[in-house]
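Notes follow the structure.
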Amino acid sequence: MSDEHAPHIHVTPMWIYIAVFLALAVGTLLTWWVSTIDLGMMNTPIALLIATIKAVLVILFFMHVIHSTRLTWVVVIASFLWLGVLFVLTFADYLTRMWKIY
Amino acid sequence: MSDIPLDDAVVEHHEHHPFLQHHFEDLGQQHEASTLGMWMFLSTEILFFGGVLCAYWVYRILYPEAWALGAEQQNKLYGGLNTIVLIISSLTMALAVRNAQLGKRKGTVAMLFATLVFGSTFMAVKGIEYWQHYHEGLFPGVHFTWNEVPALAPKVQLFMVFYWGMTGLHALHMVIGAGLLIWMMTRAWRGHFGPEYYGPVEIMGLYWHFVDIVWIFLFPFLYLIHGVHHV
Amino acid sequence: MSSVTLQDVRFVEPEGTRNYITHDYGALSWLLTKDHKRIAILYLFSITALFMLGGFFAVVMRIELLTPEGDLLTSDTYNKFFTLHGIVMIFFFLIPSIPAVLGNFLLPLMLGAKDLAFPKINLLSWYLYMIAAVMGLYIIITGGVDTGWTFYTPFSTQYSNTHVFGVTFAAFIVGFSSILTGLNFLVTIHRMRAPGLTWFRLPLFVWAMYATSIVQLLATPVLAITLVMLMFERVVHVGIFDPALGGDPLLFQHMFWFYSHPAVYIMILPAMGVASEVVAAFTRKKIFGYAFVAYSSLAIAFLGFLVWAHHMFVAGISVYSAMIFSFLSYFVAVPSAIKVFNWTATLYRASVALMTPMLYILGFIGLFTIGGVTGLFLAAIGLDVHVTDTYFVVAHFHYIMVGGAVMAYMAGLHYWWPKITGRMYPEWWARLAALLIFAGFNLTFFPQFILGYLGMPRRYHAYAPEFQVLNVMSTAGASVLAVGYALPLVYLIWSLWYGRKAGPNPWGAVGLEWATSSPPPMENFHETPVVTWDAYDYPAMMKAMGETQNV
C-alpha cells in the first residue's frame, strides 16, 4: 500500500521570488538612504516600518506563510504578540517612571 | 486472537517510503508535523532574540546619545553589503526548496550550495568587521577604549555589549545554519528529496529565512541610528 | 466499527505478550530509547532523585530555623541552601514533573497515537535535563550558589563569590529541555489525534498539557536570553544590569519574571489537568462545565504572561505600572477559580470513591484554593508592601506548589501507577501517606502565613525570638511531611514486585489510556482507535454496563 497521503505542495512561481528579492534589496537601500536624512523623531519609526515590511515579505513569500495553514498563521502571529506583551508591559514601567504623582 | 504475540507481528508490512517514520500514519502527517515543529521552534527564537531586543530598546530610550555614537562606529558599507548578501542567500534558499519540490536533484544541490556560499561571505565580512572593531578597542570589558566623550564611555560600552552580543548570537545561528546546509546538500545529492518528500529542505529554509529576518532588524538597529551628535 | 462506549473497544493484548518494559532488555535499550513511555520512566527516576536532593536542603533549613539564632549554618551557607532548594525544586523537579513523567507517558495514549511527534527530540530533552542536573550537582559539591533562585543583579553578576555562571548555564540548558518537551506536545496534540478525537472530546489533562506547553514554548526563551546576558555580564564585567556601570537591575527582574511568573503556571496547569482526570474517574461523572475548564486552561496560559511585575512592587518600578500589574493580577485568579467551581460542582452529590488519588486531589483543591486566594492578598499593592519578602509569600507559594502541584503529582502517580507498571500500589499505606502529607504540609506551612504577617522576613537564617514557637511548629510539620513522602518511595517500589497485578482498567475509568493493556505494549495500540465518544462519557459506559447511575 504505497499511496501514503503525500504532503500538499504549493510551488511558488519564480517571478514572485525574484520580485520579493528586488523589493527586499530596494528596502535595504531605502532604509540606508533615509538614515542619512535628518527627519527628527520620524527616523526611528520609518526604519522600523521598512524593516517590518521586509520581514513580512520574507515571512509571507519566502517562508510560504501566505499558503500555509491557519495554524501556522496563529503560531507566527502569537509569537509576535507575546513579544509585544514583553515590550509593552516592560515599557509601561520605563516610560512612566518620571511621571509625577501629584 | 492468534497465537502470534501481537507486538511482533506487524499487521500489514507494506512498502512505504524510506523516510516515513513509523509513528506517523503517512508522509502528509509527517510533513505537517515537522513543519509545525519548526515553526514552533522559530517562535522560541522570536522570543529569544526578542528578549535581547527588548533590553536593547530599553537602553536605546534611556541613552539615545550613546546609542547614536555607538552606531557611528559601525561600518555601514560592510553592514549594508552583508544585508544584501544575506537577502540573496534567502533567495537561493527559497529556490532550493522550490527545486526540491520539483524533484530537481542537481538544482537543489546547486541552490543549497549557493546559499552556503553567500552565508559564508556574510560571515567572512562579519569576521573582518569584528577584527577591525576589536583592534579599535570596541570589545566590551577590560580592553574597551573610548576616548571621545569620556562621560558617555560606559554607555557606549553598553551599546557595544549589545552589538557584539546580538551579532554574535546571530553569527552563531548562521554557523549552525551552515552546518545544516552541508547536511542538506549531502542528502539532496543522494537524491532523498522529491515532490512527495521535501520537508527537510523546507524546514531548513524556514530556519535560514528566520536568521535573515533577524539581520533585517539588526542592520538598522545597530548601524543606522540617526541620532544627536556630541561634539 | 461504530462504538458507542469504550466497552466496545478493546486493544488489550493477551496474557504473556511483551509490553514496553519487557520489549527489550539492557541499559542501552533504555538510554537510547525513543519510546515515550520509557523516556517517562527515565524522567521519573531523575526527578525523584532531585526531589530528594531539594528536600534535603529544606530539611536542613528547617532544622536551622528551630532556634532564633543562626547556629547551625553560617548566613552564607544558609543562603546557599535556600538558593539550591529553590533551583533544584523549581527547575529540576516541579517544572518537569507532571509534563515529563505523566505527560510523556500518557499523551500519546490519550490521543490514540503511537508516540509523540518527535521521539528523538523527546530523548534529547531528557539528556539535556541530565546534563544540566549533573552540572548542578557538580556545582553543589564544589560550593553551590548563594544568590537566591532569582539571581537578582548586581549581586549575582558582580559581588557573589559562588558558581553563578555554572548554575545559570545549567538552568539555561534545562530550559531547553522544557522548551523541547512543550514543542513536542503541541505538535502531537495538533497533528496526531486519532480519527474522531475532536478537540472537545479530548481529556482535560490534554487541554492542560496543551496550555502548559504554550507557556513552556513562549516564556522559557526569554529566561534563556536573560541568563545569557547575566553570564555575559558576570564574565566580561559590563553593566547590562549593574547600576554602577550604567545598567538597570530592574531590567533583569523584568525579563527574569517575564518567564518566572508564567513558570508557576507551567507548574500548576498540569496539576489542574490531573485533578480533572481524577475527579471524573472517582465520581464516575463528566466534569461539570468541561468547556469552561478547557478554556480556562488557555486563559490562565495567556493571562499568566501579563502579570509578572507583581513580583517587583517594591523593587522600584513606577507606581503607574505597579497599578497596571496589580489590576491584571486579579484577573488571572478568575480562570483558576472557575476550575475550582467546576470540580466542586462535579463532586456535588456524586458518589465519591475515596481512593488515594482522590484523597490527594481533595487536598489539592482545598490547599490550592488557599494558596491562590493568598495570592490575591499579594496582588494588592498596599498589602504587598507589608508582606513581601516575608514568610507570607513563602507560605503562599508553597501552598500552591506543594499543597497544589506536588499533591496533584502524587495523585497522578498513584492514579496511573497501574497503567505504567501493571501493578496496584497498597491502598491503605497509600492513604496513610496521603493523610500524613496533608497533615504535615499544613502544620509546616500554615504557621508561615502567620509568621509572615507578623513580620518574619524570608531568606534569613536567624530571626527574632518571638517567632520561635511558630517556627518549631513548622519544623515539626516538616518532619511529618518527610515521613509522608518517604512512604510512597518505599511502597511504590515494593509494589513493583509484590503489588497486585492490575488489569487494563482497574478504576473503571473512561479514557483511551485505559483501553490498552497495563503496562501498554511498545506501540500503544496495534491499530489506530477511532473515537466516537465524549470525554468522560461515564453515562454511556454505565448504561452499556447495565449499571444505574448515581447522579
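Order determines the names: the first chain of the C-alpha cells is A, the second B, and so forth; residues in each chain are numbered 1 upward, and ligands are numbered 1 upward as they are shown.
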
Within 9 Å of chain B, which residues of chain C come that close, and what is the closest atom pair and distance in Å for each? Count only C-alpha atoms and give it as JSON lines.
```
{"residue": "C:Glu13", "atom": "CA", "partner": "B:Leu6", "partner_atom": "CA", "distance": 7.1}
{"residue": "C:Pro14", "atom": "CA", "partner": "B:Pro5", "partner_atom": "CA", "distance": 7.9}
{"residue": "C:Gly16", "atom": "CA", "partner": "B:Pro5", "partner_atom": "CA", "distance": 8.1}
{"residue": "C:Thr17", "atom": "CA", "partner": "B:Pro5", "partner_atom": "CA", "distance": 5.4}
{"residue": "C:Arg18", "atom": "CA", "partner": "B:Asp7", "partner_atom": "CA", "distance": 7.0}
{"residue": "C:Asn19", "atom": "CA", "partner": "B:Asp7", "partner_atom": "CA", "distance": 8.2}
{"residue": "C:His23", "atom": "CA", "partner": "B:Asp7", "partner_atom": "CA", "distance": 8.9}
{"residue": "C:Ala113", "atom": "CA", "partner": "B:His23", "partner_atom": "CA", "distance": 7.5}
{"residue": "C:Lys114", "atom": "CA", "partner": "B:His23", "partner_atom": "CA", "distance": 5.3}
{"residue": "C:Asp115", "atom": "CA", "partner": "B:His23", "partner_atom": "CA", "distance": 5.9}
{"residue": "C:Leu116", "atom": "CA", "partner": "B:His23", "partner_atom": "CA", "distance": 7.8}
{"residue": "C:Ala117", "atom": "CA", "partner": "B:Ala33", "partner_atom": "CA", "distance": 6.7}
{"residue": "C:Phe118", "atom": "CA", "partner": "B:Ser34", "partner_atom": "CA", "distance": 8.3}
{"residue": "C:Pro119", "atom": "CA", "partner": "B:His23", "partner_atom": "CA", "distance": 8.8}
{"residue": "C:Ile179", "atom": "CA", "partner": "B:Thr44", "partner_atom": "CA", "distance": 8.0}
{"residue": "C:Leu180", "atom": "CA", "partner": "B:Phe41", "partner_atom": "CA", "distance": 8.3}
{"residue": "C:Leu183", "atom": "CA", "partner": "B:Met40", "partner_atom": "CA", "distance": 6.4}
{"residue": "C:Asn184", "atom": "CA", "partner": "B:Gly37", "partner_atom": "CA", "distance": 7.4}
{"residue": "C:Leu186", "atom": "CA", "partner": "B:Gly37", "partner_atom": "CA", "distance": 8.3}
{"residue": "C:Val187", "atom": "CA", "partner": "B:Ala33", "partner_atom": "CA", "distance": 6.0}
{"residue": "C:Thr188", "atom": "CA", "partner": "B:Ala33", "partner_atom": "CA", "distance": 7.6}
{"residue": "C:His190", "atom": "CA", "partner": "B:Ala33", "partner_atom": "CA", "distance": 8.3}
{"residue": "C:Arg191", "atom": "CA", "partner": "B:Ala33", "partner_atom": "CA", "distance": 6.1}
{"residue": "C:Met192", "atom": "CA", "partner": "B:Gln29", "partner_atom": "CA", "distance": 7.9}
{"residue": "C:Leu217", "atom": "CA", "partner": "B:Thr44", "partner_atom": "CA", "distance": 6.0}
{"residue": "C:Leu218", "atom": "CA", "partner": "B:Thr44", "partner_atom": "CA", "distance": 5.8}
{"residue": "C:Ala219", "atom": "CA", "partner": "B:Leu47", "partner_atom": "CA", "distance": 7.7}
{"residue": "C:Thr220", "atom": "CA", "partner": "B:Thr44", "partner_atom": "CA", "distance": 7.9}
{"residue": "C:Pro221", "atom": "CA", "partner": "B:Phe48", "partner_atom": "CA", "distance": 4.8}
{"residue": "C:Val222", "atom": "CA", "partner": "B:Phe48", "partner_atom": "CA", "distance": 5.4}
{"residue": "C:Leu223", "atom": "CA", "partner": "B:Phe48", "partner_atom": "CA", "distance": 8.3}
{"residue": "C:Ala224", "atom": "CA", "partner": "B:Phe48", "partner_atom": "CA", "distance": 7.0}
{"residue": "C:Ile225", "atom": "CA", "partner": "B:Phe48", "partner_atom": "CA", "distance": 5.7}
{"residue": "C:Thr226", "atom": "CA", "partner": "B:Gly51", "partner_atom": "CA", "distance": 7.4}
{"residue": "C:Met229", "atom": "CA", "partner": "B:Val52", "partner_atom": "CA", "distance": 8.1}
{"residue": "C:Phe232", "atom": "CA", "partner": "B:Gly165", "partner_atom": "CA", "distance": 8.6}
{"residue": "C:Val235", "atom": "CA", "partner": "B:Gly141", "partner_atom": "CA", "distance": 8.8}
{"residue": "C:Val236", "atom": "CA", "partner": "B:Gly141", "partner_atom": "CA", "distance": 5.1}
{"residue": "C:His237", "atom": "CA", "partner": "B:Gly141", "partner_atom": "CA", "distance": 6.0}
{"residue": "C:Val238", "atom": "CA", "partner": "B:Gly141", "partner_atom": "CA", "distance": 6.1}
{"residue": "C:Gly239", "atom": "CA", "partner": "B:Leu158", "partner_atom": "CA", "distance": 6.7}
{"residue": "C:Ile240", "atom": "CA", "partner": "B:Leu158", "partner_atom": "CA", "distance": 6.6}
{"residue": "C:Leu245", "atom": "CA", "partner": "B:Pro154", "partner_atom": "CA", "distance": 6.2}
{"residue": "C:Gly246", "atom": "CA", "partner": "B:Lys155", "partner_atom": "CA", "distance": 6.2}
{"residue": "C:Gly247", "atom": "CA", "partner": "B:Leu158", "partner_atom": "CA", "distance": 8.0}
{"residue": "C:Asp248", "atom": "CA", "partner": "B:Tyr59", "partner_atom": "CA", "distance": 8.9}
{"residue": "C:Leu251", "atom": "CA", "partner": "B:Ala55", "partner_atom": "CA", "distance": 7.2}
{"residue": "C:Phe252", "atom": "CA", "partner": "B:Ala55", "partner_atom": "CA", "distance": 8.9}
{"residue": "C:Met255", "atom": "CA", "partner": "B:Gly51", "partner_atom": "CA", "distance": 7.5}
{"residue": "C:Pro521", "atom": "CA", "partner": "B:Asp7", "partner_atom": "CA", "distance": 6.9}
{"residue": "C:Met522", "atom": "CA", "partner": "B:Asp7", "partner_atom": "CA", "distance": 7.3}
{"residue": "C:Glu523", "atom": "CA", "partner": "B:Asp7", "partner_atom": "CA", "distance": 7.5}
{"residue": "C:His526", "atom": "CA", "partner": "B:Asp7", "partner_atom": "CA", "distance": 7.3}
{"residue": "C:Glu527", "atom": "CA", "partner": "B:Val11", "partner_atom": "CA", "distance": 8.6}
```

Long-range neighbours of A:Ala55 as a VMD selection string, 10 Å cut-off, only C-alpha atoms, 3 positions minimum in chain: (chain A and resid 24 49 to 52 58 to 60 62) or (chain B and resid 209 to 210 212 to 217)

Enumerate, in order of chain and increasing residue number, the residues of chain C with an atom no farther than 7 Å from chain A, each with its shortest atom pair and distance in Å to one decimal, counting only C-alpha atoms, as a tab-separated table.
```
residue	atom	partner	partner_atom	distance
C:His254	CA	A:Thr90	CA	6.7
C:Ile317	CA	A:Asp93	CA	5.9
C:Ser318	CA	A:Arg97	CA	4.7
C:Tyr320	CA	A:Thr96	CA	6.6
C:Ser321	CA	A:Asp93	CA	5.1
```

For the selection you just gave me, I'd like the residues written to a file as a PDB file, in the first residue's frame, keeping N, CA and C atoms.
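Listing of selection_29.pdb after writing:
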```pdb
ATOM      1  N   HIS C 254      12.612  42.415  35.314  1.00  0.00           N
ATOM      2  CA  HIS C 254      11.509  42.373  34.346  1.00  0.00           C
ATOM      3  C   HIS C 254      11.620  41.147  33.467  1.00  0.00           C
ATOM      4  N   ILE C 317       9.764  49.859  40.420  1.00  0.00           N
ATOM      5  CA  ILE C 317       9.031  50.163  39.189  1.00  0.00           C
ATOM      6  C   ILE C 317       8.125  51.357  39.454  1.00  0.00           C
ATOM      7  N   SER C 318       7.643  51.954  38.389  1.00  0.00           N
ATOM      8  CA  SER C 318       6.819  53.147  38.569  1.00  0.00           C
ATOM      9  C   SER C 318       5.486  52.767  39.210  1.00  0.00           C
ATOM     10  N   TYR C 320       2.655  53.735  38.418  1.00  0.00           N
ATOM     11  CA  TYR C 320       1.615  53.517  37.408  1.00  0.00           C
ATOM     12  C   TYR C 320       1.667  52.107  36.871  1.00  0.00           C
ATOM     13  N   SER C 321       2.874  51.629  36.566  1.00  0.00           N
ATOM     14  CA  SER C 321       2.949  50.258  36.050  1.00  0.00           C
ATOM     15  C   SER C 321       2.599  49.268  37.153  1.00  0.00           C
TER      16      SER C 321
END
```

Shell around A:Met41 at 10 Å using only C-alpha atoms, local window under 3 positions removed, as a ChimeraX atom specification: /A:38,44-46 /B:226-227

Close residues, stretch 123-132 of chain B itself excluded, 12 Å, only C-alpha atoms, min 4 positions apart in chain, as a PyMOL selection string: chain B and resi 73-83+85-86+116-119+136-139+160+163-165+167-168+170-178+215

In stretch 1-75 of chain A, DSSP alpha helix (DSSP H) residues written as an MDAnalysis selection string: chainID A and resid 14:36 43:57 70:75

I need the residues from that last selection saved to file as a JSON list (two decimals), in the first residue's frame (with C-alpha atoms), if you can.
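Writing the result to again_11.json gives the following:
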```json
[["chain", "number", "residue", "atom", "x", "y", "z"],
["A", 14, "MET", "CA", 9.86, 32.06, -9.95],
["A", 15, "TRP", "CA", 8.77, 35.60, -10.65],
["A", 16, "ILE", "CA", 7.33, 36.00, -7.17],
["A", 17, "TYR", "CA", 10.64, 35.03, -5.60],
["A", 18, "ILE", "CA", 12.52, 37.47, -7.82],
["A", 19, "ALA", "CA", 10.04, 40.25, -7.14],
["A", 20, "VAL", "CA", 10.29, 39.78, -3.39],
["A", 21, "PHE", "CA", 14.06, 39.73, -3.62],
["A", 22, "LEU", "CA", 14.07, 43.01, -5.53],
["A", 23, "ALA", "CA", 11.69, 44.54, -3.01],
["A", 24, "LEU", "CA", 13.98, 43.49, -0.18],
["A", 25, "ALA", "CA", 17.03, 44.94, -1.92],
["A", 26, "VAL", "CA", 15.24, 48.20, -2.60],
["A", 27, "GLY", "CA", 14.08, 48.28, 1.00],
["A", 28, "THR", "CA", 17.64, 47.91, 2.20],
["A", 29, "LEU", "CA", 18.85, 50.79, 0.06],
["A", 30, "LEU", "CA", 15.86, 52.87, 1.10],
["A", 31, "THR", "CA", 16.44, 52.38, 4.80],
["A", 32, "TRP", "CA", 20.08, 53.27, 4.38],
["A", 33, "TRP", "CA", 19.22, 56.43, 2.48],
["A", 34, "VAL", "CA", 16.58, 57.54, 4.96],
["A", 35, "SER", "CA", 19.02, 57.13, 7.81],
["A", 36, "THR", "CA", 21.27, 59.75, 6.25],
["A", 43, "ASN", "CA", 13.77, 58.36, 11.62],
["A", 44, "THR", "CA", 13.18, 55.53, 14.04],
["A", 45, "PRO", "CA", 9.56, 54.72, 13.14],
["A", 46, "ILE", "CA", 10.39, 54.80, 9.43],
["A", 47, "ALA", "CA", 13.33, 52.44, 9.88],
["A", 48, "LEU", "CA", 11.11, 50.13, 11.91],
["A", 49, "LEU", "CA", 8.42, 50.28, 9.27],
["A", 50, "ILE", "CA", 10.78, 49.40, 6.44],
["A", 51, "ALA", "CA", 12.30, 46.56, 8.42],
["A", 52, "THR", "CA", 8.86, 45.24, 9.31],
["A", 53, "ILE", "CA", 7.72, 45.32, 5.69],
["A", 54, "LYS", "CA", 10.84, 43.43, 4.65],
["A", 55, "ALA", "CA", 10.29, 40.85, 7.37],
["A", 56, "VAL", "CA", 6.66, 40.42, 6.38],
["A", 57, "LEU", "CA", 7.66, 39.83, 2.76],
["A", 70, "ARG", "CA", -4.33, 28.76, 9.67],
["A", 71, "LEU", "CA", -2.42, 27.11, 12.48],
["A", 72, "THR", "CA", 0.87, 28.37, 11.04],
["A", 73, "TRP", "CA", -0.57, 31.87, 10.91],
["A", 74, "VAL", "CA", -1.63, 31.55, 14.54],
["A", 75, "VAL", "CA", 1.85, 30.45, 15.60]]
```

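Every protein or nucleic acid residue with an atom no more than 8 Å from C:Ile287, counting only C-alpha atoms and leaving out same-chain residues fewer than 3 positions away, appears here: Ser276, Val279, Ala280, Tyr290, Asn342, Trp343, Thr346 and Tyr536 of chain C.
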